[in-house]
Amino acid sequence: MHPLYLSARDVEDLLPMGECIELMGDVLRALARGETLQPLRSAHWLPDRRGLLAVMPGALLPDESKAGALGVKVITVFPGNSAHGLESHQGAVLLFEPGHGRLLAVLDASAITAIRTAAVSAVATLVLARDGASDLALLGAGTQARTHLLALREVRSLRRVRVWSRRRERAEELAAWAAERYHLDATAAGSAREAVEGAGLVCTVTAAREPVLAGEWLEPGAHVNAVGACTPTARELDADAVARARLFTDSRESLMNEAGDFLLARQEGAVGDGHLQGELGELLLGRIAGRTSPEEITLFKSLGLAVEDLAAGLHVYHKALARGRGTPLPEETSR
C-alpha cells in the first residue's frame, strides 16, 4: 500500500476536538505506564534567531492489543510569520509502522499541533480546574488561542471570554468570532491584567519570551494552562505565578530541560525541583493528587510531546483509510 499524504484539511476533518481530547488522555496514561518511547526534542535556532528547527522523535510501543507506531515530527517555528499571514509552526509528521519500519503517512504538522496541543490543555482543565470555572482569559490571539477556546468548550461551560494580544486588532477579531459563532460574552481586553483578573481559567498561548502573566493577578482557585514558551530561556509566567500554583506537566524530563517558565523561576529561587507535583498521566492514573481545595491555584505547563503527535496522526491515518481520504505518495517514498 502506498503511503498517504494527509493535508491540513484532512487532519482538521478527521480529528474533531472531542475525539482528540480522549486520545490525548489515553496517550498520557500510556506515557506514565512506560508504554511509549519519548526522547527529548532537538531544537536549533537560526543564527539571527528569527526561527528554529525542531525534531521530535517518539514511539507508541506495540503490544497484543495495539499495533503501535514510530515517528518523528519535524517543524520550523517562526514567531514573526503571523505578520505575513502564515502559521508560526510549519512542518510534517512522519508516521511509520513498527513491524518493518515502513512509511505509512506524511501529515501536516501545523494542523496536528494546533488540535492536539489544545486537547491536552483540555485534559488538564478537566482534571484540575474547578467544576464551576466558566470565565476564560486567553493571553494570545493566534491559532492556539482559537483551538484552546474550542477545546475548553468541550470540558467546561464557558460564560465569558476575555482575549488579550499585543496586537489589539487580533484580540478583537478572535473575540468577535467567539461571540458570533458560539454566542459567548467575548471581548478584547485592554491589558493582560484586565483579561486575567477574575478569570477561573487562564491560557497563555503567546510567542512571548518575557512574562505576560503575573502571579498577583491570579484569583484563588484559578487554573492556568501555560502553553507558549517551550525553551529554557523563554517564559510567559513570572516566578510568582509558578510559585503560587500547584504545578503539573506532560513530561517531567521535558519540564526539567526545556520549560523556561519553571527553570527561570527555579533560577531566581522562587521554587525548587520538588515544586513539580507530577505528570498529567500520573494524575489520570490516580497515582498523584490533583486539586486539593477550591481556593488552590493549579498550573499545567505544556511542552508538547511527539507521542501526542503520533497518537493523533495514527488516528487520522486509520480514519483516512476507512474513508478514502488522503493523497497516495509515489511508491519510491516507502522504499
# chains A, B, ... in the order shown; residues from 1 in each chain; ligands from 1
call {"tool": "select_by_dssp", "arguments": {"residues": "segment 34-281 of chain A", "states": "alpha helix (DSSP H)", "output": "JSON, numbers by chain"}}
result
{"A": [109, 110, 111, 112, 113, 114, 115, 116, 117, 118, 119, 120, 121, 122, 123, 124, 125, 126, 127, 128, 143, 144, 145, 146, 147, 148, 149, 150, 151, 152, 153, 154, 155, 168, 169, 170, 171, 172, 173, 174, 175, 176, 177, 178, 179, 180, 181, 182, 192, 193, 194, 195, 196, 239, 240, 241, 242, 243, 244, 252, 253, 254, 255, 256, 257, 258, 260, 261, 262, 263, 264, 265, 266, 267, 280, 281]}
call {"tool": "closest_atom_pairs", "arguments": {"of": "segment 179-217 of chain A", "to": "segment 239-261 of chain A", "cutoff": "8 Å", "atoms": "only C-alpha atoms", "output": "CSV"}}
result
residue,atom,partner,partner_atom,distance
A:Leu213,CA,A:Ala241,CA,7.3
A:Ala214,CA,A:Ala241,CA,5.7
A:Gly215,CA,A:Ala241,CA,3.5
A:Glu216,CA,A:Ala241,CA,7.2
call {"tool": "write_last_selection", "arguments": {"atoms": "C-alpha atoms", "output": "PDB file, in the first residue's frame"}}
result
ATOM      1  CA  LEU A 213       1.202  36.721  33.276  1.00  0.00           C
ATOM      2  CA  ALA A 214       1.933  37.883  36.831  1.00  0.00           C
ATOM      3  CA  GLY A 215       1.070  35.740  39.802  1.00  0.00           C
ATOM      4  CA  GLU A 216      -0.537  38.625  41.679  1.00  0.00           C
TER       5      GLU A 216
END
call {"tool": "atom_distance", "arguments": {"atom1": "atom CA of Gly200 of chain A", "atom2": "atom CA of Ala133 of chain A"}}
result
5.1 Å
call {"tool": "closest_atom_pairs", "arguments": {"of": "segment 195-298 of chain A", "to": "segment 45-52 of chain A", "cutoff": "12 Å", "atoms": "only C-alpha atoms", "output": "CSV"}}
result
residue,atom,partner,partner_atom,distance
A:Ala207,CA,A:Gly51,CA,11.4
A:Cys230,CA,A:Leu52,CA,11.8
A:Thr231,CA,A:Trp45,CA,10.7
call {"tool": "write_last_selection", "arguments": {"atoms": "N, CA and C atoms", "output": "compact mmCIF listing (two decimals), in the first residue's frame"}}
result
# COMPACT_ATOMS: atom_id res chain seq x y z
N ALA A 207 3.82 34.01 21.87
CA ALA A 207 5.21 33.79 21.46
C ALA A 207 6.16 34.59 22.34
N CYS A 230 8.49 27.20 25.23
CA CYS A 230 8.95 25.80 25.30
C CYS A 230 10.46 25.69 25.15
N THR A 231 11.19 26.75 25.53
CA THR A 231 12.64 26.70 25.54
C THR A 231 13.13 27.18 26.90
call {"tool": "closest_atom_pairs", "arguments": {"of": "segment 113-140 of chain A", "to": "segment 22-39 of chain A", "cutoff": "10 Å", "atoms": "only C-alpha atoms", "output": "tab-separated table"}}
result
residue	atom	partner	partner_atom	distance
A:Arg116	CA	A:Met24	CA	7.2
A:Thr117	CA	A:Met24	CA	9.1
A:Ala118	CA	A:Met24	CA	9.9
A:Ala119	CA	A:Met24	CA	6.7
A:Val120	CA	A:Met24	CA	5.9
A:Ser121	CA	A:Met24	CA	9.5
A:Ala122	CA	A:Met24	CA	9.3
A:Val123	CA	A:Gly25	CA	6.4
A:Ala124	CA	A:Gly25	CA	9.1
call {"tool": "write_last_selection", "arguments": {"atoms": "N, CA and C atoms", "output": "short mmCIF file (atom, residue, chain, number, x, y, z; two decimals), in the first residue's frame"}}
result
data_model
loop_
_atom_site.label_atom_id
_atom_site.label_comp_id
_atom_site.auth_asym_id
_atom_site.auth_seq_id
_atom_site.Cartn_x
_atom_site.Cartn_y
_atom_site.Cartn_z
N ARG A 116 -3.95 18.95 18.82
CA ARG A 116 -3.57 18.11 19.96
C ARG A 116 -3.07 18.94 21.13
N THR A 117 -2.42 20.08 20.89
CA THR A 117 -1.95 20.92 21.99
C THR A 117 -3.12 21.41 22.82
N ALA A 118 -4.14 21.91 22.15
CA ALA A 118 -5.32 22.39 22.85
C ALA A 118 -6.05 21.24 23.54
N ALA A 119 -6.06 20.07 22.91
CA ALA A 119 -6.73 18.91 23.51
C ALA A 119 -6.05 18.50 24.81
N VAL A 120 -4.72 18.55 24.86
CA VAL A 120 -4.01 18.23 26.10
C VAL A 120 -4.35 19.24 27.18
N SER A 121 -4.42 20.52 26.82
CA SER A 121 -4.82 21.53 27.81
C SER A 121 -6.23 21.27 28.31
N ALA A 122 -7.10 20.77 27.44
CA ALA A 122 -8.46 20.44 27.86
C ALA A 122 -8.45 19.29 28.86
N VAL A 123 -7.59 18.29 28.63
CA VAL A 123 -7.47 17.19 29.60
C VAL A 123 -7.03 17.74 30.95
N ALA A 124 -6.03 18.62 30.94
CA ALA A 124 -5.56 19.22 32.19
C ALA A 124 -6.66 20.02 32.86
#
call {"tool": "residues_around", "arguments": {"residues": "Ala178 of chain A", "least_positions_apart": "5", "cutoff": "9 Å", "atoms": "only C-alpha atoms", "output": "list in words"}}
result
Arg146, Leu149, Val161, Glu173, His183, Leu184, Asp185, Ala186 and Thr187 of chain A
call {"tool": "closest_atom_pairs", "arguments": {"of": "segment 136-178 of chain A", "to": "segment 89-107 of chain A", "cutoff": "12 Å", "atoms": "only C-alpha atoms", "output": "CSV"}}
result
residue,atom,partner,partner_atom,distance
A:Gly142,CA,A:His89,CA,11.3
A:Thr143,CA,A:His89,CA,9.8
A:Gln144,CA,A:His89,CA,10.6
call {"tool": "write_last_selection", "arguments": {"atoms": "C-alpha atoms", "output": "tab-separated table (two decimals), in the first residue's frame"}}
result
chain	number	residue	atom	x	y	z
A	142	GLY	CA	-3.39	33.25	17.25
A	143	THR	CA	-4.15	29.70	16.17
A	144	GLN	CA	-3.60	28.20	19.61
call {"tool": "residues_around", "arguments": {"residues": "Arg325 of chain A", "least_positions_apart": "3", "cutoff": "8 Å", "atoms": "only C-alpha atoms", "output": "PyMOL selection string"}}
result
chain A and resi 6+10+320-322
call {"tool": "write_last_selection", "arguments": {"atoms": "C-alpha atoms", "output": "tab-separated table (two decimals), in the first residue's frame"}}
result
chain	number	residue	atom	x	y	z
A	6	LEU	CA	-2.71	13.94	4.71
A	10	ASP	CA	-7.67	16.11	6.04
A	320	ALA	CA	-8.37	8.27	6.23
A	321	LEU	CA	-8.02	4.66	5.08
A	322	ALA	CA	-11.60	3.92	6.09
call {"tool": "select_by_dssp", "arguments": {"residues": "segment 164-236 of chain A", "states": "strand (DSSP E)", "output": "number ranges by chain"}}
result
A: 164, 185-188, 201-204, 223-226
call {"tool": "residues_around", "arguments": {"residues": "Val307 of chain A", "least_positions_apart": "2", "cutoff": "9 Å", "atoms": "only C-alpha atoms", "output": "VMD selection string"}}
result
chain A and resid 27 to 28 31 36 to 38 56 to 60 70 to 72 304 to 305 309 to 312
call {"tool": "residues_around", "arguments": {"residues": "Ala54 of chain A", "least_positions_apart": "3", "cutoff": "6 Å", "atoms": "only C-alpha atoms", "output": "ChimeraX atom specification"}}
result
/A:42-43,74-75
call {"tool": "decode", "arguments": {"residues": "segment 78-112 of chain A", "atoms": "N, CA and C atoms", "output": "PDB file, in the first residue's frame"}}
result
ATOM      1  N   PHE A  78       8.597  30.011  13.387  1.00  0.00           N
ATOM      2  CA  PHE A  78       8.955  31.386  13.053  1.00  0.00           C
ATOM      3  C   PHE A  78       7.894  32.311  13.648  1.00  0.00           C
ATOM      4  N   PRO A  79       8.133  32.868  14.852  1.00  0.00           N
ATOM      5  CA  PRO A  79       7.115  33.684  15.520  1.00  0.00           C
ATOM      6  C   PRO A  79       6.631  34.871  14.691  1.00  0.00           C
ATOM      7  N   GLY A  80       7.469  35.376  13.790  1.00  0.00           N
ATOM      8  CA  GLY A  80       7.081  36.529  13.000  1.00  0.00           C
ATOM      9  C   GLY A  80       6.197  36.212  11.806  1.00  0.00           C
ATOM     10  N   ASN A  81       5.860  34.951  11.617  1.00  0.00           N
ATOM     11  CA  ASN A  81       5.081  34.563  10.431  1.00  0.00           C
ATOM     12  C   ASN A  81       3.698  35.195  10.387  1.00  0.00           C
ATOM     13  N   SER A  82       3.129  35.466  11.569  1.00  0.00           N
ATOM     14  CA  SER A  82       1.761  35.987  11.582  1.00  0.00           C
ATOM     15  C   SER A  82       1.646  37.311  10.836  1.00  0.00           C
ATOM     16  N   ALA A  83       2.721  38.076  10.826  1.00  0.00           N
ATOM     17  CA  ALA A  83       2.712  39.359  10.108  1.00  0.00           C
ATOM     18  C   ALA A  83       2.611  39.163   8.602  1.00  0.00           C
ATOM     19  N   HIS A  84       2.895  37.951   8.140  1.00  0.00           N
ATOM     20  CA  HIS A  84       2.840  37.637   6.707  1.00  0.00           C
ATOM     21  C   HIS A  84       1.675  36.699   6.382  1.00  0.00           C
ATOM     22  N   GLY A  85       0.771  36.523   7.328  1.00  0.00           N
ATOM     23  CA  GLY A  85      -0.390  35.682   7.090  1.00  0.00           C
ATOM     24  C   GLY A  85      -0.084  34.201   7.104  1.00  0.00           C
ATOM     25  N   LEU A  86       1.005  33.808   7.776  1.00  0.00           N
ATOM     26  CA  LEU A  86       1.408  32.404   7.817  1.00  0.00           C
ATOM     27  C   LEU A  86       1.385  31.892   9.249  1.00  0.00           C
ATOM     28  N   GLU A  87       1.197  30.571   9.398  1.00  0.00           N
ATOM     29  CA  GLU A  87       1.273  29.955  10.711  1.00  0.00           C
ATOM     30  C   GLU A  87       2.711  30.005  11.223  1.00  0.00           C
ATOM     31  N   SER A  88       2.862  30.185  12.524  1.00  0.00           N
ATOM     32  CA  SER A  88       4.210  30.225  13.100  1.00  0.00           C
ATOM     33  C   SER A  88       4.872  28.855  13.048  1.00  0.00           C
ATOM     34  N   HIS A  89       4.065  27.782  13.150  1.00  0.00           N
ATOM     35  CA  HIS A  89       4.584  26.411  13.114  1.00  0.00           C
ATOM     36  C   HIS A  89       4.331  25.809  11.729  1.00  0.00           C
ATOM     37  N   GLN A  90       5.396  25.326  11.102  1.00  0.00           N
ATOM     38  CA  GLN A  90       5.311  24.656   9.815  1.00  0.00           C
ATOM     39  C   GLN A  90       6.033  23.315   9.930  1.00  0.00           C
ATOM     40  N   GLY A  91       5.563  22.316   9.184  1.00  0.00           N
ATOM     41  CA  GLY A  91       6.295  21.063   9.235  1.00  0.00           C
ATOM     42  C   GLY A  91       5.455  19.859   8.902  1.00  0.00           C
ATOM     43  N   ALA A  92       5.987  18.684   9.238  1.00  0.00           N
ATOM     44  CA  ALA A  92       5.341  17.428   8.893  1.00  0.00           C
ATOM     45  C   ALA A  92       5.549  16.403   9.996  1.00  0.00           C
ATOM     46  N   VAL A  93       4.569  15.524  10.124  1.00  0.00           N
ATOM     47  CA  VAL A  93       4.687  14.348  10.980  1.00  0.00           C
ATOM     48  C   VAL A  93       4.874  13.144  10.072  1.00  0.00           C
ATOM     49  N   LEU A  94       5.949  12.389  10.279  1.00  0.00           N
ATOM     50  CA  LEU A  94       6.224  11.176   9.514  1.00  0.00           C
ATOM     51  C   LEU A  94       5.846   9.984  10.384  1.00  0.00           C
ATOM     52  N   LEU A  95       4.942   9.161   9.879  1.00  0.00           N
ATOM     53  CA  LEU A  95       4.404   8.044  10.637  1.00  0.00           C
ATOM     54  C   LEU A  95       4.859   6.733  10.006  1.00  0.00           C
ATOM     55  N   PHE A  96       5.470   5.845  10.818  1.00  0.00           N
ATOM     56  CA  PHE A  96       5.988   4.566  10.346  1.00  0.00           C
ATOM     57  C   PHE A  96       5.339   3.429  11.137  1.00  0.00           C
ATOM     58  N   GLU A  97       5.193   2.256  10.479  1.00  0.00           N
ATOM     59  CA  GLU A  97       4.688   1.102  11.217  1.00  0.00           C
ATOM     60  C   GLU A  97       5.873   0.404  11.902  1.00  0.00           C
ATOM     61  N   PRO A  98       5.648  -0.169  13.100  1.00  0.00           N
ATOM     62  CA  PRO A  98       6.769  -0.680  13.887  1.00  0.00           C
ATOM     63  C   PRO A  98       7.247  -2.074  13.507  1.00  0.00           C
ATOM     64  N   GLY A  99       6.510  -2.776  12.641  1.00  0.00           N
ATOM     65  CA  GLY A  99       6.930  -4.128  12.288  1.00  0.00           C
ATOM     66  C   GLY A  99       8.162  -4.158  11.413  1.00  0.00           C
ATOM     67  N   HIS A 100       8.166  -3.320  10.371  1.00  0.00           N
ATOM     68  CA  HIS A 100       9.284  -3.294   9.422  1.00  0.00           C
ATOM     69  C   HIS A 100       9.776  -1.880   9.147  1.00  0.00           C
ATOM     70  N   GLY A 101       9.202  -0.904   9.836  1.00  0.00           N
ATOM     71  CA  GLY A 101       9.654   0.474   9.679  1.00  0.00           C
ATOM     72  C   GLY A 101       9.195   1.142   8.400  1.00  0.00           C
ATOM     73  N   ARG A 102       8.135   0.644   7.773  1.00  0.00           N
ATOM     74  CA  ARG A 102       7.653   1.227   6.526  1.00  0.00           C
ATOM     75  C   ARG A 102       6.903   2.530   6.784  1.00  0.00           C
ATOM     76  N   LEU A 103       7.088   3.479   5.874  1.00  0.00           N
ATOM     77  CA  LEU A 103       6.383   4.751   5.976  1.00  0.00           C
ATOM     78  C   LEU A 103       4.895   4.537   5.715  1.00  0.00           C
ATOM     79  N   LEU A 104       4.057   5.010   6.634  1.00  0.00           N
ATOM     80  CA  LEU A 104       2.611   4.936   6.469  1.00  0.00           C
ATOM     81  C   LEU A 104       2.027   6.241   5.944  1.00  0.00           C
ATOM     82  N   ALA A 105       2.507   7.364   6.496  1.00  0.00           N
ATOM     83  CA  ALA A 105       1.873   8.630   6.145  1.00  0.00           C
ATOM     84  C   ALA A 105       2.785   9.801   6.450  1.00  0.00           C
ATOM     85  N   VAL A 106       2.559  10.877   5.702  1.00  0.00           N
ATOM     86  CA  VAL A 106       3.130  12.188   5.973  1.00  0.00           C
ATOM     87  C   VAL A 106       1.951  13.112   6.231  1.00  0.00           C
ATOM     88  N   LEU A 107       1.912  13.703   7.420  1.00  0.00           N
ATOM     89  CA  LEU A 107       0.770  14.513   7.813  1.00  0.00           C
ATOM     90  C   LEU A 107       1.181  15.952   8.067  1.00  0.00           C
ATOM     91  N   ASP A 108       0.273  16.873   7.788  1.00  0.00           N
ATOM     92  CA  ASP A 108       0.524  18.283   8.056  1.00  0.00           C
ATOM     93  C   ASP A 108       0.697  18.492   9.562  1.00  0.00           C
ATOM     94  N   ALA A 109       1.856  19.012   9.952  1.00  0.00           N
ATOM     95  CA  ALA A 109       2.154  19.155  11.380  1.00  0.00           C
ATOM     96  C   ALA A 109       1.451  20.342  12.011  1.00  0.00           C
ATOM     97  N   SER A 110       1.206  21.393  11.249  1.00  0.00           N
ATOM     98  CA  SER A 110       0.562  22.577  11.824  1.00  0.00           C
ATOM     99  C   SER A 110      -0.822  22.233  12.359  1.00  0.00           C
ATOM    100  N   ALA A 111      -1.587  21.490  11.569  1.00  0.00           N
ATOM    101  CA  ALA A 111      -2.941  21.143  11.990  1.00  0.00           C
ATOM    102  C   ALA A 111      -2.926  20.197  13.186  1.00  0.00           C
ATOM    103  N   ILE A 112      -2.061  19.195  13.156  1.00  0.00           N
ATOM    104  CA  ILE A 112      -1.976  18.264  14.279  1.00  0.00           C
ATOM    105  C   ILE A 112      -1.558  19.004  15.545  1.00  0.00           C
TER     106      ILE A 112
END
